[in-house]
$ cat structure_0.cif   # mmCIF, C-alpha atoms
data_upload
loop_
_atom_site.label_atom_id
_atom_site.label_comp_id
_atom_site.auth_asym_id
_atom_site.auth_seq_id
_atom_site.Cartn_x
_atom_site.Cartn_y
_atom_site.Cartn_z
CA MET A 1 63.33 -169.98 17.49
CA ALA A 2 60.84 -167.54 16.02
CA THR A 3 60.44 -165.85 19.40
CA LEU A 4 64.23 -165.57 19.78
CA ALA A 5 64.63 -164.07 16.29
CA ARG A 6 61.88 -161.56 17.02
CA ALA A 7 63.54 -160.61 20.31
CA ARG A 8 66.86 -160.06 18.55
CA SER A 9 65.13 -157.91 15.93
CA LEU A 10 63.53 -155.79 18.64
CA ILE A 11 66.85 -155.41 20.42
CA HIS A 12 68.59 -154.34 17.21
CA GLU A 13 65.79 -151.90 16.41
CA ARG A 14 66.01 -150.36 19.86
CA ALA A 15 69.78 -150.11 19.56
CA ARG A 16 69.45 -148.27 16.24
CA ARG A 17 66.97 -145.85 17.77
CA LEU A 18 69.21 -145.20 20.75
CA GLU A 19 72.18 -144.63 18.45
CA ALA A 20 70.18 -142.22 16.29
CA ALA A 21 69.01 -140.36 19.39
CA SER A 22 72.57 -140.23 20.67
CA PHE A 23 73.77 -138.85 17.35
CA TRP A 24 71.21 -136.04 17.36
CA VAL A 25 71.99 -135.15 20.96
CA MET A 26 75.69 -135.03 20.10
CA ALA A 27 75.03 -133.00 16.91
CA ARG A 28 72.87 -130.51 18.81
CA GLU A 29 75.52 -130.17 21.52
CA ALA A 30 78.26 -129.63 18.92
CA PHE A 31 76.11 -127.03 17.18
CA TRP A 32 75.64 -124.96 20.34
CA ILE A 33 79.30 -125.34 21.35
CA ALA A 34 80.33 -123.96 17.94
CA LEU A 35 77.94 -121.00 18.22
CA GLU A 36 79.11 -120.30 21.76
CA GLY A 37 82.72 -120.34 20.57
CA LEU A 38 81.88 -117.88 17.79
CA ARG A 39 80.10 -115.59 20.26
CA THR A 40 82.80 -115.72 22.92
CA HIS A 41 85.76 -115.04 20.63
CA LYS A 42 84.31 -112.44 18.26
CA LEU A 43 87.56 -111.16 16.71
CA ARG A 44 88.97 -114.65 16.28
CA SER A 45 85.65 -115.78 14.78
CA PHE A 46 85.65 -112.86 12.35
CA LEU A 47 89.18 -113.62 11.17
CA THR A 48 88.36 -117.35 11.02
CA LEU A 49 85.30 -116.89 8.82
CA LEU A 50 86.62 -114.04 6.68
CA GLY A 51 87.89 -116.28 3.87
CA VAL A 52 84.62 -118.23 3.69
CA VAL A 53 82.57 -115.01 3.81
CA ILE A 54 84.55 -113.43 0.97
CA ALA A 55 84.41 -116.63 -1.11
CA THR A 56 80.65 -117.08 -0.65
CA THR A 57 79.96 -113.40 -1.34
CA THR A 58 82.10 -113.45 -4.48
CA LEU A 59 80.45 -116.63 -5.76
CA ILE A 60 76.89 -115.37 -5.28
CA VAL A 61 77.61 -111.88 -6.62
CA VAL A 62 79.22 -113.31 -9.77
CA MET A 63 76.31 -115.74 -10.27
CA SER A 64 73.82 -112.91 -9.66
CA ILE A 65 75.43 -110.58 -12.19
CA ILE A 66 75.63 -113.34 -14.79
CA ASN A 67 72.03 -114.35 -14.10
CA GLY A 68 70.93 -110.72 -14.38
CA MET A 69 72.80 -110.33 -17.67
CA ASN A 70 71.27 -113.56 -19.01
CA LEU A 71 67.77 -112.38 -18.11
CA TYR A 72 68.49 -108.98 -19.67
CA ILE A 73 69.75 -110.50 -22.90
CA ALA A 74 66.80 -112.91 -23.02
CA ASP A 75 64.27 -110.12 -22.49
CA HIS A 76 65.79 -107.33 -24.57
CA ILE A 77 68.10 -108.76 -27.25
CA ALA A 78 67.33 -112.43 -27.82
CA ASN A 79 63.57 -111.92 -27.50
CA LEU A 80 62.44 -112.68 -31.04
CA GLY A 81 58.93 -113.60 -29.95
CA ALA A 82 57.24 -116.85 -28.93
CA ASN A 83 58.41 -119.72 -31.16
CA VAL A 84 59.82 -117.26 -33.71
CA PHE A 85 63.01 -117.54 -35.74
CA VAL A 86 64.39 -115.11 -38.29
CA LEU A 87 65.74 -115.75 -41.78
CA SER A 88 68.43 -113.14 -42.39
CA GLN A 89 71.37 -112.58 -44.69
CA TYR A 90 73.78 -113.36 -41.83
CA ASN A 91 73.98 -115.47 -38.71
CA TRP A 92 73.77 -113.07 -35.79
CA ALA A 93 75.81 -115.20 -33.39
CA THR A 94 79.07 -116.02 -35.12
CA SER A 95 82.82 -115.47 -34.92
CA ASP A 96 84.64 -112.59 -36.61
CA GLU A 97 86.23 -114.94 -39.15
CA GLU A 98 82.91 -116.50 -40.08
CA TRP A 99 81.32 -113.04 -40.32
CA ILE A 100 83.93 -111.97 -42.88
CA ARG A 101 83.28 -115.14 -44.90
CA GLU A 102 79.52 -114.58 -44.76
CA ARG A 103 79.89 -111.00 -46.03
CA HIS A 104 81.46 -112.33 -49.22
CA ARG A 105 79.33 -115.46 -49.55
CA ASN A 106 75.79 -114.77 -48.34
CA LYS A 107 73.05 -113.38 -50.52
CA PRO A 108 70.62 -110.71 -49.34
CA ILE A 109 67.07 -111.74 -48.44
CA LEU A 110 64.65 -110.00 -50.79
CA MET A 111 60.91 -109.58 -51.31
CA ASP A 112 60.82 -112.51 -53.73
CA ASP A 113 62.15 -114.79 -50.98
CA TYR A 114 59.39 -113.66 -48.63
CA THR A 115 56.56 -114.18 -51.08
CA TYR A 116 57.97 -117.56 -52.12
CA LEU A 117 58.32 -118.81 -48.53
CA ARG A 118 54.87 -117.48 -47.64
CA ASP A 119 53.34 -119.53 -50.44
CA VAL A 120 55.50 -122.68 -50.22
CA LEU A 121 55.99 -123.28 -46.50
CA SER A 122 53.45 -125.36 -44.63
CA GLY A 123 52.47 -125.58 -40.98
CA TYR A 124 53.61 -122.15 -39.79
CA LYS A 125 51.49 -119.93 -37.56
CA ASN A 126 52.67 -116.55 -38.88
CA ILE A 127 55.15 -115.24 -41.38
CA GLY A 128 56.18 -111.64 -41.89
CA ALA A 129 59.00 -109.49 -43.21
CA SER A 130 60.74 -106.31 -42.17
CA ALA A 131 63.18 -104.04 -43.98
CA TRP A 132 64.96 -100.89 -42.90
CA VAL A 133 65.64 -97.50 -44.45
CA GLN A 134 69.35 -96.68 -44.66
CA PRO A 135 70.64 -94.16 -43.85
CA SER A 136 68.09 -93.30 -41.17
CA PRO A 137 65.94 -90.39 -42.40
CA GLN A 138 64.94 -87.48 -40.23
CA VAL A 139 61.37 -87.33 -38.95
CA LYS A 140 59.61 -83.99 -38.73
CA TYR A 141 56.38 -82.65 -37.28
CA LYS A 142 55.71 -78.94 -37.79
CA ASN A 143 58.97 -77.24 -36.73
CA GLN A 144 60.32 -80.13 -34.65
CA ILE A 145 62.82 -82.64 -36.04
CA ILE A 146 64.17 -85.94 -34.69
CA TYR A 147 67.29 -87.38 -36.27
CA GLU A 148 68.46 -91.01 -36.36
CA VAL A 149 65.00 -92.54 -36.11
CA ASN A 150 64.75 -96.26 -36.82
CA VAL A 151 62.45 -96.38 -39.86
CA THR A 152 61.36 -99.84 -40.97
CA GLY A 153 58.93 -101.30 -43.45
CA GLU A 154 56.81 -104.17 -42.14
CA THR A 155 54.16 -106.59 -43.27
CA PRO A 156 50.91 -106.39 -41.23
CA SER A 157 51.53 -109.83 -39.70
CA ILE A 158 54.74 -108.69 -38.01
CA ILE A 159 52.81 -107.13 -35.12
CA GLU A 160 51.83 -110.65 -34.02
CA MET A 161 55.46 -111.67 -33.58
CA GLU A 162 57.67 -108.75 -32.52
CA GLN A 163 57.96 -107.08 -29.12
CA GLU A 164 56.24 -103.89 -30.35
CA GLN A 165 52.60 -104.01 -29.31
CA VAL A 166 49.73 -101.56 -29.86
CA ASP A 167 49.10 -99.19 -26.95
CA TYR A 168 46.35 -97.18 -28.64
CA GLY A 169 45.19 -96.71 -32.17
CA ARG A 170 46.04 -99.69 -34.40
CA PHE A 171 48.63 -101.24 -36.65
CA PHE A 172 48.27 -100.74 -40.39
CA SER A 173 45.89 -103.09 -42.18
CA GLU A 174 46.24 -105.55 -45.05
CA SER A 175 44.36 -103.13 -47.27
CA GLU A 176 46.78 -100.30 -46.46
CA TYR A 177 49.67 -102.69 -47.08
CA GLU A 178 48.29 -103.80 -50.47
CA HIS A 179 47.71 -100.19 -51.56
CA SER A 180 51.08 -98.88 -50.28
CA ALA A 181 49.31 -96.37 -48.04
CA SER A 182 51.27 -93.58 -46.35
CA VAL A 183 50.42 -94.57 -42.81
CA CYS A 184 52.70 -95.24 -39.86
CA PHE A 185 52.93 -96.81 -36.43
CA ILE A 186 55.22 -94.91 -34.03
CA GLY A 187 57.09 -95.40 -30.75
CA THR A 188 56.65 -93.41 -27.56
CA ASP A 189 59.82 -91.32 -28.10
CA LEU A 190 58.11 -89.60 -31.02
CA VAL A 191 54.94 -89.10 -29.02
CA GLU A 192 56.86 -87.44 -26.18
CA LYS A 193 58.70 -85.17 -28.63
CA PHE A 194 55.93 -84.27 -31.09
CA PHE A 195 52.68 -84.82 -29.20
CA PRO A 196 53.25 -84.30 -25.44
CA ASN A 197 49.69 -83.08 -24.79
CA VAL A 198 47.95 -84.02 -28.03
CA ASP A 199 46.42 -87.22 -29.39
CA PRO A 200 48.81 -88.27 -32.19
CA ILE A 201 46.26 -90.43 -34.04
CA ASP A 202 45.57 -89.08 -37.57
CA LYS A 203 48.31 -86.45 -37.24
CA VAL A 204 50.67 -86.19 -40.23
CA ILE A 205 54.43 -86.47 -39.74
CA PHE A 206 57.11 -86.27 -42.43
CA VAL A 207 59.56 -89.18 -42.74
CA GLY A 208 62.43 -88.39 -45.08
CA GLY A 209 60.32 -85.58 -46.50
CA GLN A 210 57.32 -87.87 -47.19
CA PRO A 211 53.99 -87.35 -45.35
CA PHE A 212 52.64 -90.20 -43.20
CA ARG A 213 49.45 -90.35 -41.17
CA VAL A 214 49.84 -91.80 -37.68
CA VAL A 215 47.42 -94.69 -37.14
CA GLY A 216 48.80 -96.17 -33.92
CA VAL A 217 51.24 -95.86 -31.03
CA ALA A 218 53.26 -98.70 -29.53
CA LYS A 219 53.52 -99.57 -25.87
CA HIS A 220 56.62 -98.29 -24.11
CA ILE A 221 59.54 -100.74 -24.39
CA GLY A 222 62.49 -99.00 -22.75
CA SER A 223 66.22 -99.06 -23.44
CA THR A 224 68.62 -101.84 -24.35
CA LEU A 225 72.28 -101.27 -23.49
CA GLY A 226 71.51 -97.58 -23.14
CA GLN A 227 69.80 -97.25 -26.54
CA SER A 228 66.10 -96.43 -26.69
CA GLN A 229 63.86 -99.03 -28.32
CA ASP A 230 60.97 -96.56 -28.63
CA ASN A 231 62.57 -94.29 -31.24
CA PHE A 232 60.99 -95.84 -34.33
CA VAL A 233 58.53 -95.41 -37.17
CA GLN A 234 57.04 -98.48 -38.86
CA ILE A 235 55.42 -98.18 -42.26
CA PRO A 236 53.99 -100.75 -44.73
CA LEU A 237 56.79 -102.63 -46.48
CA THR A 238 55.17 -101.90 -49.85
CA THR A 239 55.27 -98.17 -49.04
CA LEU A 240 58.96 -98.42 -48.21
CA GLN A 241 59.52 -100.06 -51.61
CA LYS A 242 57.60 -97.31 -53.37
CA LEU A 243 59.19 -94.32 -51.63
CA PHE A 244 62.64 -95.34 -50.40
CA SER A 245 64.02 -98.55 -51.93
CA ALA A 246 62.57 -100.76 -54.66
CA ARG A 247 64.60 -103.85 -53.60
CA PRO A 248 65.28 -103.54 -49.88
CA ARG A 249 67.23 -106.13 -47.93
CA MET A 250 65.04 -107.66 -45.28
CA ASN A 251 64.57 -110.19 -42.53
CA ILE A 252 61.80 -112.79 -42.64
CA HIS A 253 60.15 -113.72 -39.34
CA ILE A 254 58.56 -117.17 -39.13
CA GLN A 255 56.47 -118.31 -36.17
CA ALA A 256 55.88 -122.00 -35.47
CA GLN A 257 52.69 -123.37 -33.96
CA ASP A 258 54.61 -124.48 -30.87
CA VAL A 259 58.16 -125.00 -29.68
CA ARG A 260 58.17 -128.67 -30.76
CA GLN A 261 57.57 -127.65 -34.39
CA MET A 262 60.37 -125.09 -34.56
CA ALA A 263 63.19 -127.47 -35.50
CA ALA A 264 61.14 -129.07 -38.31
CA LEU A 265 60.08 -125.65 -39.60
CA GLU A 266 63.67 -124.40 -39.57
CA ASP A 267 64.73 -127.47 -41.56
CA GLN A 268 61.96 -126.79 -44.04
CA VAL A 269 63.06 -123.16 -44.51
CA ARG A 270 66.69 -124.27 -44.88
CA ALA A 271 65.78 -126.81 -47.56
CA VAL A 272 63.68 -124.27 -49.51
CA MET A 273 66.34 -121.56 -49.40
CA ARG A 274 69.16 -123.91 -50.37
CA SER A 275 67.08 -125.06 -53.32
CA ARG A 276 66.34 -121.45 -54.36
CA HIS A 277 70.03 -120.59 -54.19
CA HIS A 278 71.08 -123.82 -55.97
CA LEU A 279 73.55 -124.77 -53.27
CA PRO A 280 75.42 -128.09 -53.66
CA TYR A 281 75.14 -130.60 -50.85
CA LYS A 282 78.59 -129.89 -49.36
CA GLU A 283 78.33 -126.09 -49.55
CA PRO A 284 77.41 -124.22 -46.34
CA ASP A 285 74.26 -122.10 -46.13
CA ASP A 286 74.51 -118.66 -47.71
CA PHE A 287 71.89 -117.24 -45.33
CA GLY A 288 71.32 -117.17 -41.58
CA LEU A 289 68.63 -118.81 -39.45
CA ASN A 290 68.52 -117.05 -36.10
CA ALA A 291 66.52 -118.18 -33.07
CA SER A 292 66.49 -116.97 -29.47
CA ALA A 293 68.07 -120.22 -28.27
CA THR A 294 71.02 -119.80 -30.66
CA ILE A 295 71.73 -116.26 -29.50
CA LEU A 296 71.39 -117.22 -25.84
CA GLY A 297 73.63 -120.24 -26.37
CA VAL A 298 76.50 -118.09 -27.67
CA TRP A 299 75.94 -115.54 -24.91
CA GLU A 300 75.96 -118.22 -22.21
CA GLN A 301 79.26 -119.54 -23.58
CA LEU A 302 80.71 -116.07 -22.99
CA THR A 303 79.26 -115.76 -19.49
CA GLY A 304 80.50 -119.29 -18.80
CA SER A 305 84.05 -118.04 -19.29
CA ILE A 306 83.38 -115.18 -16.89
CA PHE A 307 81.94 -117.62 -14.36
CA ALA A 308 84.97 -119.89 -14.69
CA GLY A 309 87.23 -116.95 -13.79
CA GLY A 310 85.02 -116.17 -10.80
CA ILE A 311 85.20 -119.80 -9.66
CA GLY A 312 89.00 -119.57 -9.66
CA ILE A 313 88.86 -116.61 -7.27
CA VAL A 314 86.26 -118.35 -5.11
CA ALA A 315 88.40 -121.51 -4.92
CA VAL A 316 91.41 -119.54 -3.63
CA PHE A 317 89.39 -117.84 -0.90
CA MET A 318 87.63 -121.09 0.05
CA VAL A 319 90.96 -122.93 0.45
CA VAL A 320 92.38 -120.07 2.51
CA GLY A 321 89.23 -119.98 4.63
CA GLY A 322 89.30 -123.77 5.07
CA ILE A 323 92.95 -123.73 6.19
CA VAL A 324 92.20 -121.01 8.75
CA ILE A 325 89.24 -123.03 10.07
CA MET A 326 91.45 -126.12 10.31
CA ASN A 327 94.09 -124.21 12.30
CA ILE A 328 91.47 -122.79 14.66
CA MET A 329 89.98 -126.25 15.19
CA LEU A 330 93.47 -127.65 15.95
CA ALA A 331 93.91 -124.90 18.54
CA SER A 332 90.48 -125.78 19.92
CA VAL A 333 91.50 -129.44 20.25
CA THR A 334 94.58 -128.38 22.24
CA GLU A 335 92.50 -126.11 24.50
CA ARG A 336 89.92 -128.82 25.14
CA THR A 337 92.24 -131.83 25.61
CA HIS A 338 91.19 -132.24 29.24
CA GLU A 339 87.50 -132.09 28.23
CA ILE A 340 88.10 -134.78 25.60
CA GLY A 341 89.77 -136.96 28.22
CA ILE A 342 86.79 -136.63 30.54
CA ARG A 343 84.34 -137.49 27.76
CA LYS A 344 86.34 -140.57 26.76
CA SER A 345 86.60 -141.73 30.36
CA LEU A 346 82.81 -141.47 30.59
CA GLY A 347 82.35 -143.74 27.58
CA ALA A 348 82.53 -141.47 24.53
CA ARG A 349 83.74 -143.40 21.50
CA ARG A 350 86.30 -142.19 18.97
CA ARG A 351 83.63 -141.63 16.38
CA ASP A 352 81.63 -139.53 18.88
CA ILE A 353 84.61 -137.20 19.36
CA LEU A 354 85.29 -137.24 15.62
CA MET A 355 81.72 -136.28 14.73
CA GLN A 356 81.60 -133.56 17.38
CA PHE A 357 84.59 -131.68 15.99
CA VAL A 358 83.59 -132.23 12.35
CA ILE A 359 80.13 -130.80 13.09
CA GLU A 360 81.64 -127.83 14.93
CA SER A 361 83.86 -127.11 11.94
CA ALA A 362 80.91 -127.41 9.53
CA VAL A 363 78.78 -125.07 11.68
CA MET A 364 81.54 -122.47 11.72
CA ALA A 365 81.92 -122.61 7.94
CA ALA A 366 78.15 -122.59 7.38
CA THR A 367 77.88 -119.49 9.58
CA GLY A 368 80.45 -117.80 7.35
CA GLY A 369 78.44 -118.94 4.34
CA LEU A 370 75.21 -117.42 5.75
CA ILE A 371 76.98 -114.12 6.43
CA GLY A 372 78.38 -114.22 2.89
CA ILE A 373 74.90 -114.87 1.46
CA LEU A 374 73.39 -111.89 3.30
CA LEU A 375 76.28 -109.67 2.23
CA ALA A 376 76.01 -110.90 -1.38
CA ILE A 377 72.27 -110.16 -1.54
CA GLY A 378 72.97 -106.59 -0.41
CA VAL A 379 75.78 -106.17 -2.96
CA ALA A 380 73.60 -107.65 -5.74
CA LYS A 381 70.79 -105.19 -4.96
CA LEU A 382 73.28 -102.33 -5.11
CA VAL A 383 74.72 -103.58 -8.42
CA ASP A 384 71.19 -103.90 -9.84
CA VAL A 385 70.63 -100.18 -9.28
CA PHE A 386 73.52 -99.26 -11.60
CA PHE A 387 73.82 -102.32 -13.85
CA THR A 388 71.90 -105.59 -13.61
CA ALA A 389 71.92 -108.44 -11.11
CA SER A 390 69.39 -111.02 -9.98
CA VAL A 391 70.14 -113.48 -7.17
CA PRO A 392 69.11 -117.00 -8.28
CA VAL A 393 67.93 -119.44 -5.63
CA LYS A 394 70.50 -121.98 -6.79
CA ALA A 395 73.30 -119.50 -5.97
CA ILE A 396 72.14 -119.34 -2.35
CA LEU A 397 71.90 -123.14 -2.15
CA ILE A 398 75.34 -123.58 -3.75
CA GLY A 399 76.81 -120.95 -1.40
CA ILE A 400 75.60 -122.60 1.80
CA ALA A 401 76.39 -126.12 0.52
CA LEU A 402 79.92 -125.15 -0.57
CA SER A 403 80.78 -123.34 2.65
CA THR A 404 79.47 -126.24 4.76
CA SER A 405 81.43 -128.73 2.64
CA VAL A 406 84.61 -126.73 3.18
CA GLY A 407 84.03 -126.90 6.92
CA LEU A 408 83.44 -130.64 6.77
CA PHE A 409 86.54 -131.27 4.64
CA PHE A 410 88.97 -129.12 6.59
CA GLY A 411 87.51 -130.23 9.92
CA ILE A 412 88.36 -133.89 9.38
CA TYR A 413 92.06 -133.60 10.33
CA PRO A 414 91.52 -131.73 13.63
CA ALA A 415 88.65 -134.09 14.45
CA ARG A 416 90.85 -137.14 13.88
CA GLN A 417 93.56 -135.66 16.08
CA ALA A 418 90.98 -135.18 18.84
CA ALA A 419 89.58 -138.69 18.40
CA LYS A 420 93.06 -140.28 18.65
CA LEU A 421 93.89 -138.70 22.01
CA ASN A 422 94.67 -141.16 24.79
CA PRO A 423 92.13 -140.53 27.58
CA ILE A 424 94.70 -141.00 30.38
CA GLU A 425 97.19 -138.59 28.76
CA ALA A 426 94.35 -136.15 28.02
CA LEU A 427 93.18 -136.18 31.66
CA ARG A 428 96.71 -135.30 32.82
CA THR A 429 96.48 -132.07 30.82
CA ASP A 430 95.41 -129.04 32.81
CA GLY A 431 91.75 -128.15 32.11
#
$ encode --input "structure_0.cif" --output "structure tokens"
Amino acid sequence: MATLARARSLIHERARRLEAASFWVMAREAFWIALEGLRTHKLRSFLTLLGVVIATTTLIVVMSIINGMNLYIADHIANLGANVFVLSQYNWATSDEEWIRERHRNKPILMDDYTYLRDVLSGYKNIGASAWVQPSPQVKYKNQIIYEVNVTGETPSIIEMEQEQVDYGRFFSESEYEHSASVCFIGTDLVEKFFPNVDPIDKVIFVGGQPFRVVGVAKHIGSTLGQSQDNFVQIPLTTLQKLFSARPRMNIHIQAQDVRQMAALEDQVRAVMRSRHHLPYKEPDDFGLNASATILGVWEQLTGSIFAGGIGIVAVFMVVGGIVIMNIMLASVTERTHEIGIRKSLGARRRDILMQFVIESAVMAATGGLIGILLAIGVAKLVDVFFTASVPVKAILIGIALSTSVGLFFGIYPARQAAKLNPIEALRTDG
């Protein structure tokens, strides 16, 4: 009995191997038949695959533009620094209605809030504050003037958190901050305008008519949405208080030790500020806590709507392309009726015929998907020259998977029609 059971097991195993080998032979044959059909009937193939090509190209281009915009926003707008969040008067990512309510409800963040948080909070890595001079003063060096310069007052610790980094020279020191020194840290726009061939360190520029000695120059940042991020002068916050505004409104930057601590640190700041402002339990915050993830979340909701619209267009083209493929495969079944009859008379099963035509349909659609991918990559590179686009790997995978799936789905009906043919009737058809 044991020997008989073992023999049956070996027979079944061999049968499975033979069936698997037969499937791969049939799949390979169907693959080459589909490619030969595409090569032989070039115009028909082009018209057949046009819908799938357009759909795949549209899908990948839309995903590439959205991905490029997301990367741009993350790098240039939502980049608050590693594990940094900002306490501000307002929430930066909010609706128009909520913004109007916050304008009437929220209190400005002042120097007292900064010093209190600095002394009371525990567990943070860095804390700093920045304020701005409004309206923007002109900046002058000798006979040259730059208007609309972004002039801000900073604490020395802010350099550890913001995107501005020292290129040469240095940032102002704690001692200069404590003594309200007239020193400044400038962007490359001012260097290019005032000091094209001169070392700017220790040169004196005039900000709003007040003299400031340049102690450092920032690394080049570039533009965001067409606006230069290098057109700035940073001075000690205490100097800004002394010369421009005694009680400036400011933002407080808080850096956590790591990303896991951020939520707890935000809760701690929220509790301290609500206590300082004597807010009842049911009242909403009258300040804003802004983190990169919050800004990106709102932005991705917007791009999600754009993507949904793009998916609608893609769906229409994919359905049109699938219907065309189905019609072409039905015509192919009619043309090859005699061939199907011969194959059935030689022992081909219904599922063999079914799989052959389904695979041919999938190969045709996948070919259209590959053409669409190549076309989309070219379009995305062109868009990136004038705007922004970055082709994500997942877009390529989705494109080829979707196009192949369309071929599989719309190839089922023609394949079933081929599989149901009576071999005798099929052989009577002229080959």
$ closest_residue --input "structure_0.cif" --among "A:Leu265, A:Ala181, A:Gln229, A:Ala315" --to "A:Gly123" --atoms "all atoms listed in the file"
A:Leu265
$ residues_around --input "structure_0.cif" --residues "A:Ala389" --least-positions-apart "6" --cutoff "6 Å" --atoms "all atoms listed in the file" --output "PyMOL selection string"
chain A and resi 64-65+68+380
$ residues_around --input "structure_0.cif" --residues "stretch 205-221 of chain A" --least-positions-apart "2" --cutoff "7 Å" --atoms "only C-alpha atoms" --output "tab-separated table (two decimals) with C-alpha atoms, in the coordinates of the input"
chain	number	residue	atom	x	y	z
A	137	PRO	CA	65.94	-90.39	-42.40
A	138	GLN	CA	64.94	-87.48	-40.23
A	139	VAL	CA	61.37	-87.33	-38.95
A	140	LYS	CA	59.61	-83.99	-38.73
A	141	TYR	CA	56.38	-82.65	-37.28
A	164	GLU	CA	56.24	-103.89	-30.35
A	165	GLN	CA	52.60	-104.01	-29.31
A	166	VAL	CA	49.73	-101.56	-29.86
A	167	ASP	CA	49.10	-99.19	-26.95
A	168	TYR	CA	46.35	-97.18	-28.64
A	169	GLY	CA	45.19	-96.71	-32.17
A	170	ARG	CA	46.04	-99.69	-34.40
A	171	PHE	CA	48.63	-101.24	-36.65
A	172	PHE	CA	48.27	-100.74	-40.39
A	182	SER	CA	51.27	-93.58	-46.35
A	183	VAL	CA	50.42	-94.57	-42.81
A	184	CYS	CA	52.70	-95.24	-39.86
A	185	PHE	CA	52.93	-96.81	-36.43
A	186	ILE	CA	55.22	-94.91	-34.03
A	187	GLY	CA	57.09	-95.40	-30.75
A	188	THR	CA	56.65	-93.41	-27.56
A	200	PRO	CA	48.81	-88.27	-32.19
A	201	ILE	CA	46.26	-90.43	-34.04
A	202	ASP	CA	45.57	-89.08	-37.57
A	203	LYS	CA	48.31	-86.45	-37.24
A	223	SER	CA	66.22	-99.06	-23.44
A	229	GLN	CA	63.86	-99.03	-28.32
A	230	ASP	CA	60.97	-96.56	-28.63
$ atom_distance --input "structure_0.cif" --atom1 "atom CA of A:Lys107" --atom2 "atom CA of A:Met273"
10.6 Å
$ residues_around --input "structure_0.cif" --residues "A:Trp92" --least-positions-apart "5" --cutoff "9 Å" --atoms "all atoms listed in the file" --output "list in words"
Trp99, Gly288, Leu289, Asn290, Thr294 and Ile295 of chain A
$ atom_distance --input "structure_0.cif" --atom1 "atom CA of A:Phe287" --atom2 "atom CA of A:Ile109"
7.9 Å
$ resolve_selection --input "structure_0.cif" --expression "the PyMOL selection byres ((chain A and resi 350-355) around 7)" --output "list in words"
Ala348, Arg349, Gln356, Phe357, Val358, Ile359, Ala415, Arg416, Ala418 and Ala419 of chain A
$ residues_around --input "structure_0.cif" --residues "A:Phe194" --least-positions-apart "2" --cutoff "8 Å" --atoms "all atoms listed in the file" --output "ChimeraX atom specification"
/A:141,144,190-192,196
$ write_last_selection --input "structure_0.cif" --atoms "C-alpha atoms" --output "PDB file, keeping the file's coordinate frame"
ATOM      1  CA  TYR A 141      56.380 -82.650 -37.280  1.00  0.00           C
ATOM      2  CA  GLN A 144      60.320 -80.130 -34.650  1.00  0.00           C
ATOM      3  CA  LEU A 190      58.110 -89.600 -31.020  1.00  0.00           C
ATOM      4  CA  VAL A 191      54.940 -89.100 -29.020  1.00  0.00           C
ATOM      5  CA  GLU A 192      56.860 -87.440 -26.180  1.00  0.00           C
ATOM      6  CA  PRO A 196      53.250 -84.300 -25.440  1.00  0.00           C
TER       7      PRO A 196
END
$ residues_around --input "structure_0.cif" --residues "A:Gly411" --least-positions-apart "4" --cutoff "6 Å" --atoms "all atoms listed in the file" --output "ChimeraX atom specification"
/A:326,358,361,407
$ write_last_selection --input "structure_0.cif" --atoms "C-alpha atoms" --output "mmCIF file, keeping the file's coordinate frame"
data_model
loop_
_atom_site.group_PDB
_atom_site.id
_atom_site.type_symbol
_atom_site.label_atom_id
_atom_site.label_comp_id
_atom_site.auth_asym_id
_atom_site.auth_seq_id
_atom_site.Cartn_x
_atom_site.Cartn_y
_atom_site.Cartn_z
ATOM 1 C CA MET A 326 91.450 -126.120 10.310
ATOM 2 C CA VAL A 358 83.590 -132.230 12.350
ATOM 3 C CA SER A 361 83.860 -127.110 11.940
ATOM 4 C CA GLY A 407 84.030 -126.900 6.920
#
$ atom_distance --input "structure_0.cif" --atom1 "atom CA of A:Pro108" --atom2 "atom CA of A:Gln301"
28.6 Å
$ resolve_selection --input "structure_0.cif" --expression "the PyMOL selection byres ((chain A and resi 114-116) around 9)" --output "PyMOL selection string"
chain A and resi 109-113+117-121+127-129+250-252
$ decode --input "structure_0.cif" --residues "stretch 295-315 of chain A" --atoms "C-alpha atoms" --output "JSON list (two decimals), in the first residue's frame"
[["chain", "number", "residue", "atom", "x", "y", "z"],
["A", 295, "ILE", "CA", 1.34, 71.57, 6.36],
["A", 296, "LEU", "CA", 2.09, 68.59, 4.12],
["A", 297, "GLY", "CA", -1.13, 66.90, 5.21],
["A", 298, "VAL", "CA", -3.26, 69.84, 4.05],
["A", 299, "TRP", "CA", -1.25, 70.13, 0.84],
["A", 300, "GLU", "CA", -1.65, 66.42, 0.08],
["A", 301, "GLN", "CA", -5.41, 66.74, 0.56],
["A", 302, "LEU", "CA", -5.38, 69.38, -2.19],
["A", 303, "THR", "CA", -3.20, 67.31, -4.52],
["A", 304, "GLY", "CA", -5.43, 64.32, -3.75],
["A", 305, "SER", "CA", -8.33, 66.19, -5.34],
["A", 306, "ILE", "CA", -6.19, 66.92, -8.39],
["A", 307, "PHE", "CA", -5.20, 63.25, -8.59],
["A", 308, "ALA", "CA", -8.84, 62.17, -8.33],
["A", 309, "GLY", "CA", -9.66, 64.34, -11.36],
["A", 310, "GLY", "CA", -6.74, 62.81, -13.24],
["A", 311, "ILE", "CA", -7.94, 59.31, -12.38],
["A", 312, "GLY", "CA", -11.32, 60.13, -13.93],
["A", 313, "ILE", "CA", -9.63, 61.02, -17.22],
["A", 314, "VAL", "CA", -7.42, 57.93, -17.04],
["A", 315, "ALA", "CA", -10.45, 55.69, -16.41]]
